[in-house]
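Student: Structure: work27.txt, compact mmCIF, C-alpha atoms.
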```txt
# COMPACT_ATOMS: atom_id res chain seq x y z
CA ASP A 1 4.84 -72.77 28.54
CA HIS A 2 5.29 -69.11 27.61
CA PHE A 3 8.05 -69.99 25.11
CA LEU A 4 6.16 -72.85 23.41
CA PHE A 5 2.72 -71.32 23.09
CA GLU A 6 3.02 -67.54 23.38
CA SER A 7 6.35 -65.86 22.53
CA LYS A 8 7.74 -68.70 20.36
CA GLN A 9 11.08 -66.90 20.52
CA GLY A 10 14.12 -67.71 22.62
CA TYR A 11 17.66 -69.02 22.77
CA CYS A 12 19.25 -72.41 23.38
CA ASP A 13 18.07 -72.74 26.99
CA HIS A 14 14.45 -72.28 25.91
CA PHE A 15 14.68 -74.78 23.04
CA SER A 16 16.57 -77.43 25.00
CA THR A 17 14.54 -77.30 28.22
CA ALA A 18 11.30 -77.36 26.23
CA MET A 19 12.43 -80.50 24.39
CA VAL A 20 13.44 -82.21 27.66
CA ILE A 21 10.09 -81.45 29.31
CA LEU A 22 8.08 -82.58 26.28
CA ALA A 23 10.11 -85.79 25.97
CA ARG A 24 9.71 -86.59 29.67
CA SER A 25 5.96 -85.93 29.49
CA LEU A 26 5.79 -88.81 26.99
CA GLY A 27 7.88 -91.09 29.21
CA ILE A 28 11.06 -90.70 27.14
CA PRO A 29 14.23 -90.43 29.29
CA ALA A 30 15.84 -87.09 28.49
CA ARG A 31 18.34 -84.84 30.23
CA TRP A 32 19.45 -81.25 29.81
CA VAL A 33 23.11 -80.63 28.99
CA LYS A 34 24.94 -77.36 29.55
CA GLY A 35 28.38 -76.81 28.07
CA TYR A 36 30.15 -74.99 25.28
CA THR A 37 30.35 -75.10 21.53
CA ALA A 38 33.72 -76.06 20.07
CA GLY A 39 34.91 -72.45 20.01
CA ALA A 40 37.29 -70.98 17.43
CA VAL A 41 40.69 -72.16 16.24
CA GLN A 42 43.48 -69.77 17.21
CA GLN A 43 44.93 -67.56 14.51
CA THR A 44 48.17 -69.58 14.19
CA ASP A 45 46.19 -72.74 13.46
CA GLN A 46 44.01 -70.92 10.95
CA GLU A 47 47.10 -69.74 9.09
CA GLN A 48 48.34 -73.34 8.90
CA MET A 49 44.98 -74.40 7.49
CA LEU A 50 45.35 -71.95 4.60
CA ASN A 51 48.21 -74.08 3.27
CA ASP A 52 45.85 -77.04 2.95
CA PRO A 53 43.00 -76.38 0.46
CA ASN A 54 41.02 -79.33 1.84
CA ALA A 55 41.23 -78.17 5.45
CA SER A 56 38.10 -76.96 7.19
CA THR A 57 37.92 -73.86 9.36
CA VAL A 58 35.43 -75.61 11.62
CA ALA A 59 36.85 -76.11 15.10
CA GLU A 60 37.49 -79.84 15.19
CA GLY A 61 40.49 -82.14 15.47
CA PRO A 62 43.77 -81.42 17.23
CA GLY A 63 44.81 -77.83 17.80
CA VAL A 64 44.48 -74.88 20.17
CA TYR A 65 41.03 -73.34 20.55
CA THR A 66 39.67 -70.17 22.04
CA ILE A 67 36.43 -70.76 23.94
CA LEU A 68 34.64 -67.68 25.27
CA ASN A 69 31.68 -67.22 27.57
CA SER A 70 29.67 -66.37 24.46
CA ASP A 71 30.27 -69.97 23.30
CA ALA A 72 28.16 -71.30 26.18
CA HIS A 73 25.41 -73.55 24.86
CA SER A 74 22.81 -76.10 25.97
CA TRP A 75 21.34 -79.11 24.21
CA VAL A 76 19.53 -82.37 24.93
CA GLU A 77 20.48 -86.00 25.40
CA VAL A 78 17.88 -88.75 24.96
CA TYR A 79 18.40 -92.29 26.25
CA PHE A 80 17.97 -95.18 23.81
CA PRO A 81 18.19 -98.68 25.32
CA GLY A 82 21.16 -100.49 23.84
CA PHE A 83 22.77 -97.27 22.60
CA GLY A 84 22.93 -94.97 25.61
CA TRP A 85 22.53 -91.21 25.73
CA ILE A 86 22.28 -89.72 22.22
CA PRO A 87 22.70 -85.93 21.81
CA PHE A 88 20.08 -83.84 20.02
CA GLU A 89 20.31 -80.22 18.91
CA PRO A 90 16.83 -78.57 19.03
CA THR A 91 18.07 -74.98 18.68
CA SER A 92 17.68 -73.55 15.20
CA GLY A 93 20.93 -72.42 13.59
CA PHE A 94 23.19 -74.59 15.76
CA SER A 95 24.95 -77.86 15.12
CA LEU A 96 25.85 -80.33 17.83
CA PRO A 97 29.02 -79.44 19.76
CA LYS A 98 32.02 -81.70 19.49
CA ILE A 99 31.07 -84.86 21.42
CA VAL A 100 33.85 -86.90 23.00
CA PRO A 101 32.70 -90.43 23.95
CA ASP A 102 33.42 -91.87 27.38
CA SER A 103 36.64 -93.82 27.68
CA GLN A 104 34.77 -96.75 29.15
CA LEU A 105 31.60 -98.15 27.64
CA VAL A 106 29.00 -100.05 29.60
CA ASP A 107 28.61 -103.64 28.40
CA LEU A 108 24.98 -104.50 27.81
CA PRO A 109 23.82 -108.08 28.48
CA ALA A 110 23.66 -110.19 25.34
CA ALA A 111 20.40 -111.78 24.24
CA ALA A 112 19.99 -115.46 25.08
CA ALA A 113 19.20 -116.39 21.48
CA PRO A 114 18.44 -114.50 18.24
CA ALA A 115 15.04 -116.19 17.94
CA ALA A 116 14.06 -115.25 21.48
CA GLN A 117 15.26 -111.70 20.90
CA THR A 118 13.16 -111.40 17.73
CA ALA A 119 10.09 -112.72 19.50
CA GLN A 120 10.62 -110.29 22.37
CA LYS A 121 10.90 -107.32 20.00
CA SER A 122 7.74 -108.42 18.20
CA THR A 123 5.86 -108.72 21.49
CA VAL A 124 7.01 -105.29 22.66
CA SER A 125 6.06 -103.75 19.33
CA ILE A 126 2.56 -105.21 19.43
CA ALA A 127 2.10 -104.34 23.10
CA THR A 128 3.08 -100.71 22.59
CA GLN A 129 0.54 -100.07 19.82
CA PRO A 130 -2.49 -99.72 22.15
CA LEU A 131 -0.40 -97.53 24.45
CA LEU A 132 0.57 -95.21 21.60
CA ALA A 133 -3.04 -95.04 20.48
CA ALA A 134 -4.13 -94.18 24.02
CA VAL A 135 -1.48 -91.44 24.27
CA PHE A 136 -2.59 -90.04 20.90
CA LEU A 137 -6.26 -89.97 21.95
CA LEU A 138 -5.31 -88.35 25.25
CA LEU A 139 -3.42 -85.59 23.46
CA ILE A 140 -6.38 -84.99 21.13
CA ALA A 141 -8.70 -84.78 24.14
CA LEU A 142 -6.36 -82.33 25.89
CA ILE A 143 -6.15 -80.16 22.76
CA VAL A 144 -9.95 -79.99 22.51
CA TYR A 145 -10.25 -79.25 26.23
CA SER A 146 -7.57 -76.55 25.92
CA LEU A 147 -9.52 -74.81 23.17
CA VAL A 148 -12.78 -74.97 25.14
CA SER A 149 -11.32 -73.95 28.51
CA ARG A 150 -8.91 -71.37 27.02
CA THR A 151 -5.93 -72.92 28.80
CA SER A 152 -2.76 -74.20 27.18
CA LEU A 153 -2.12 -77.81 26.22
CA PHE A 154 1.08 -77.87 28.26
CA PHE A 155 -0.68 -76.69 31.42
CA ASN A 156 -3.50 -79.20 31.01
CA LEU A 157 -1.03 -82.03 30.42
CA SER A 158 0.91 -81.05 33.55
CA TYR A 159 -2.35 -80.77 35.53
CA PHE A 160 -3.51 -84.21 34.32
CA ILE A 161 -0.21 -85.87 35.26
CA GLN A 162 -0.06 -84.30 38.73
CA ARG A 163 -3.68 -85.23 39.49
CA ARG A 164 -2.85 -88.86 38.81
CA ARG A 165 0.08 -88.83 41.21
CA ALA A 166 -0.23 -89.92 44.84
CA ILE A 167 -0.52 -86.45 46.40
CA SER A 168 -2.19 -85.33 49.61
CA ARG A 169 -5.47 -83.43 49.72
CA LYS A 170 -3.56 -80.26 50.68
CA GLN A 171 -1.36 -80.62 47.61
CA ARG A 172 -4.45 -81.19 45.50
CA VAL A 173 -5.97 -77.96 46.83
CA THR A 174 -2.77 -76.12 45.83
CA LEU A 175 -2.98 -77.67 42.37
CA GLU A 176 -6.57 -76.48 42.00
CA PHE A 177 -5.51 -72.96 43.02
CA ARG A 178 -2.83 -73.01 40.30
CA LYS A 179 -5.51 -74.05 37.81
CA LEU A 180 -7.68 -71.13 38.93
CA VAL A 181 -4.83 -68.62 38.65
CA TYR A 182 -3.90 -69.84 35.17
CA SER A 183 -7.48 -69.73 33.93
CA MET A 184 -8.10 -66.23 35.31
CA ARG A 185 -4.86 -64.96 33.81
CA ARG A 186 -6.20 -65.97 30.40
CA LYS A 187 -9.18 -63.72 31.10
CA GLY A 188 -7.04 -60.72 32.04
CA MET A 189 -7.26 -61.10 35.83
CA LEU A 190 -3.75 -61.57 37.16
CA TYR A 191 -2.31 -63.08 40.32
CA LEU A 192 0.62 -60.93 41.47
CA ALA A 193 3.49 -62.68 43.23
CA TYR A 194 3.70 -60.12 46.08
CA GLU A 195 -0.01 -60.45 46.93
CA THR A 196 -1.66 -62.87 49.31
CA MET A 197 -4.58 -64.94 48.01
CA ARG A 198 -6.97 -62.72 49.97
CA GLU A 199 -5.60 -59.55 48.36
CA THR A 200 -5.85 -61.10 44.92
CA PHE A 201 -9.44 -62.23 45.42
CA GLU A 202 -10.43 -58.80 46.77
CA ARG A 203 -9.01 -57.19 43.63
CA TRP A 204 -10.82 -59.69 41.38
CA VAL A 205 -14.14 -59.00 43.12
CA VAL A 206 -13.82 -55.29 42.30
CA VAL A 207 -13.65 -56.23 38.62
CA ARG A 208 -16.29 -58.97 38.82
CA PRO A 209 -18.56 -58.60 41.90
CA THR A 210 -20.60 -61.74 41.07
CA LEU A 211 -17.55 -63.86 41.90
CA GLU A 212 -17.54 -62.72 45.53
CA PRO A 213 -19.53 -65.62 47.09
CA HIS A 214 -17.53 -68.27 45.23
CA LEU A 215 -14.16 -66.69 46.03
CA SER A 216 -15.12 -66.12 49.67
CA ASP A 217 -15.95 -69.80 50.22
CA LEU A 218 -12.86 -70.85 48.28
CA LEU A 219 -10.55 -68.54 50.23
CA SER A 220 -11.37 -70.06 53.61
CA ILE A 221 -10.32 -73.54 52.46
CA LEU A 222 -7.25 -72.29 50.59
CA GLU A 223 -6.00 -70.41 53.66
CA LYS A 224 -6.64 -73.46 55.82
CA ALA A 225 -4.57 -75.62 53.43
CA LYS A 226 -1.72 -73.13 53.19
CA TYR A 227 -1.44 -71.58 56.64
CA THR A 228 -2.63 -74.21 59.13
CA GLN A 229 -1.60 -77.71 60.12
CA ALA A 230 -5.18 -78.97 59.93
CA ASP A 231 -5.91 -81.57 57.31
CA ILE A 232 -8.27 -80.95 54.40
CA THR A 233 -11.32 -83.19 54.39
CA THR A 234 -12.63 -85.00 51.34
CA ALA A 235 -15.73 -82.78 51.40
CA GLU A 236 -13.60 -79.62 51.44
CA LEU A 237 -11.52 -80.87 48.54
CA SER A 238 -14.67 -81.61 46.53
CA GLN A 239 -15.94 -78.13 47.37
CA VAL A 240 -12.68 -76.56 46.13
CA VAL A 241 -12.86 -78.49 42.85
CA GLU A 242 -16.46 -77.40 42.32
CA LEU A 243 -15.81 -73.75 43.21
CA VAL A 244 -12.76 -73.52 40.93
CA LYS A 245 -14.82 -75.03 38.12
CA ARG A 246 -17.59 -72.46 38.65
CA VAL A 247 -15.18 -69.51 38.69
CA CYS A 248 -13.21 -70.74 35.67
CA ASN A 249 -16.41 -71.28 33.66
CA ASN A 250 -17.83 -67.89 34.57
CA HIS A 251 -16.92 -66.09 31.33
CA GLY A 252 -19.57 -63.40 31.29
CA GLY A 253 -18.46 -59.85 31.92
CA LEU A 254 -14.90 -60.60 32.93
CA GLY A 255 -12.42 -57.81 32.36
CA ARG A 256 -12.51 -54.06 32.87
CA LYS A 257 -14.99 -51.97 30.97
```
Go ahead and express the file in the form of structure tokens.
Tutor:
Amino acid sequence: DHFLFESKQGYCDHFSTAMVILARSLGIPARWVKGYTAGAVQQTDQEQMLNDPNASTVAEGPGVYTILNSDAHSWVEVYFPGFGWIPFEPTSGFSLPKIVPDSQLVDLPAAAAPAAQTAQKSTVSIATQPLLAAVFLLLIALIVYSLVSRTSLFFNLSYFIQRRRAISRKQRVTLEFRKLVYSMRRKGMLYLAYETMRETFERWVVVRPTLEPHLSDLLSILEKAKYTQADITTAELSQVVELVKRVCNNHGGLGRK
């Protein structure tokens, strides 16, 4: 999130993990790959290449290579049905490392008939159009909401996906607390990792005293969800959602003067 929307600077791990997460958020199978670039051809092989004007100094083909820790690299593989895992290089300034295919390929089942296969592809293509339109509209809605609520698109997408999952009421309370922390961070009020929730809220109230009644009611339910074995009721969950919404929407006067 910080790499994509704030710093916009990083190395291969940032580029590759960001691509994997974005692909998976759209339902595209993707996996993160860690390995090495091809390295450098040893000096003796380079001298032999000089005798051949058409030879390339790129490390490929037979020979002896020197691979250092500095050659460590990460990239992405995306799964395409019928083709398998295809490598992608999202990092600027890099080309894909030397890829050696598996010695054994997985045989895919053949189609029953060309006509049936064509009809199936046509049906899938038509059926996916409303889905793509729905995904597009959802992204537009999330972008607009992100601008209004001053939270990032990536956080809102993650929040939307997790809310739709089958999670317990306690987990939902934790998710709402994360939403609160993220929103307040955008307003300059931080949640420090070594603090308890109570310590954080007490520090926020010093900056913004009008938040005290909301945070006090919210704290009792948050501590119950985190530190006790008691279940969270539906009414308590609704109260947490409402309190978080009130605190997040309370823009006036936030920040130190």
Student: How far is it from atom CA of A:Gln171 to atom CA of A:Arg246, in Å with one decimal?
Tutor: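 Atom CA of A:Arg246 lies at a distance of 20.3 Å from atom CA of A:Gln171.
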Student: Just the number, please: distance in Å from atom CA of A:Asp231 to atom CA of A:Arg172, one decimal.
Tutor: 11.9 Å
Student: Within 9 Å of stretch 68-70 of chain A, counting all atoms listed in the file, which residues show up once you throw out same-chain ones fewer than 2 positions away? Write them as a count of residues only, please.
Tutor: 6
Student: Give as JSON, numbers by chain every residue, naming chains and numbers as the document does, that has an atom within 10 Å of (22.5, -71.1, 18.1), counting only C-alpha atoms.
Tutor: {"A": [11, 12, 15, 37, 71, 72, 73, 74, 89, 90, 91, 92, 93, 94, 95, 96]}
Student: Find the residues around stretch 178-180 of chain A up to 8 Å (all atoms listed in the file counted), leave out those fewer than 3 positions away in its own chain, and share them as a list in words.
Tutor: Tyr159, Thr174, Leu175, Ser183, Met184, Val244, Val247 and Cys248 of chain A
Student: Interatomic distance between atom CA of A:Asp13 and atom CA of A:Leu26?
Tutor: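 Computing it gives 20.2 Å between the two atoms.
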Student: Can you list, as a PyMOL selection string, every protein, DNA or RNA residue that comes within 8 Å of A:Ile221 when you count only C-alpha atoms, leaving out same-chain residues fewer than 2 positions away?
Tutor: chain A and resi 217-219+223-225+232+236+240
Student: Counting only C-alpha atoms, figure out which residue out of A:Val78, A:Tyr182, A:Leu132, A:Val64 gets nearest to A:Asp1.
Tutor: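 The shortest atom-to-atom distance to A:Asp1 comes from A:Tyr182.
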Student: Under the rule that all atoms listed in the file are counted, which of A:Val33, A:Met189, A:Val173, A:Val206 is the nearest residue to A:Lys226?
Tutor: A:Val173
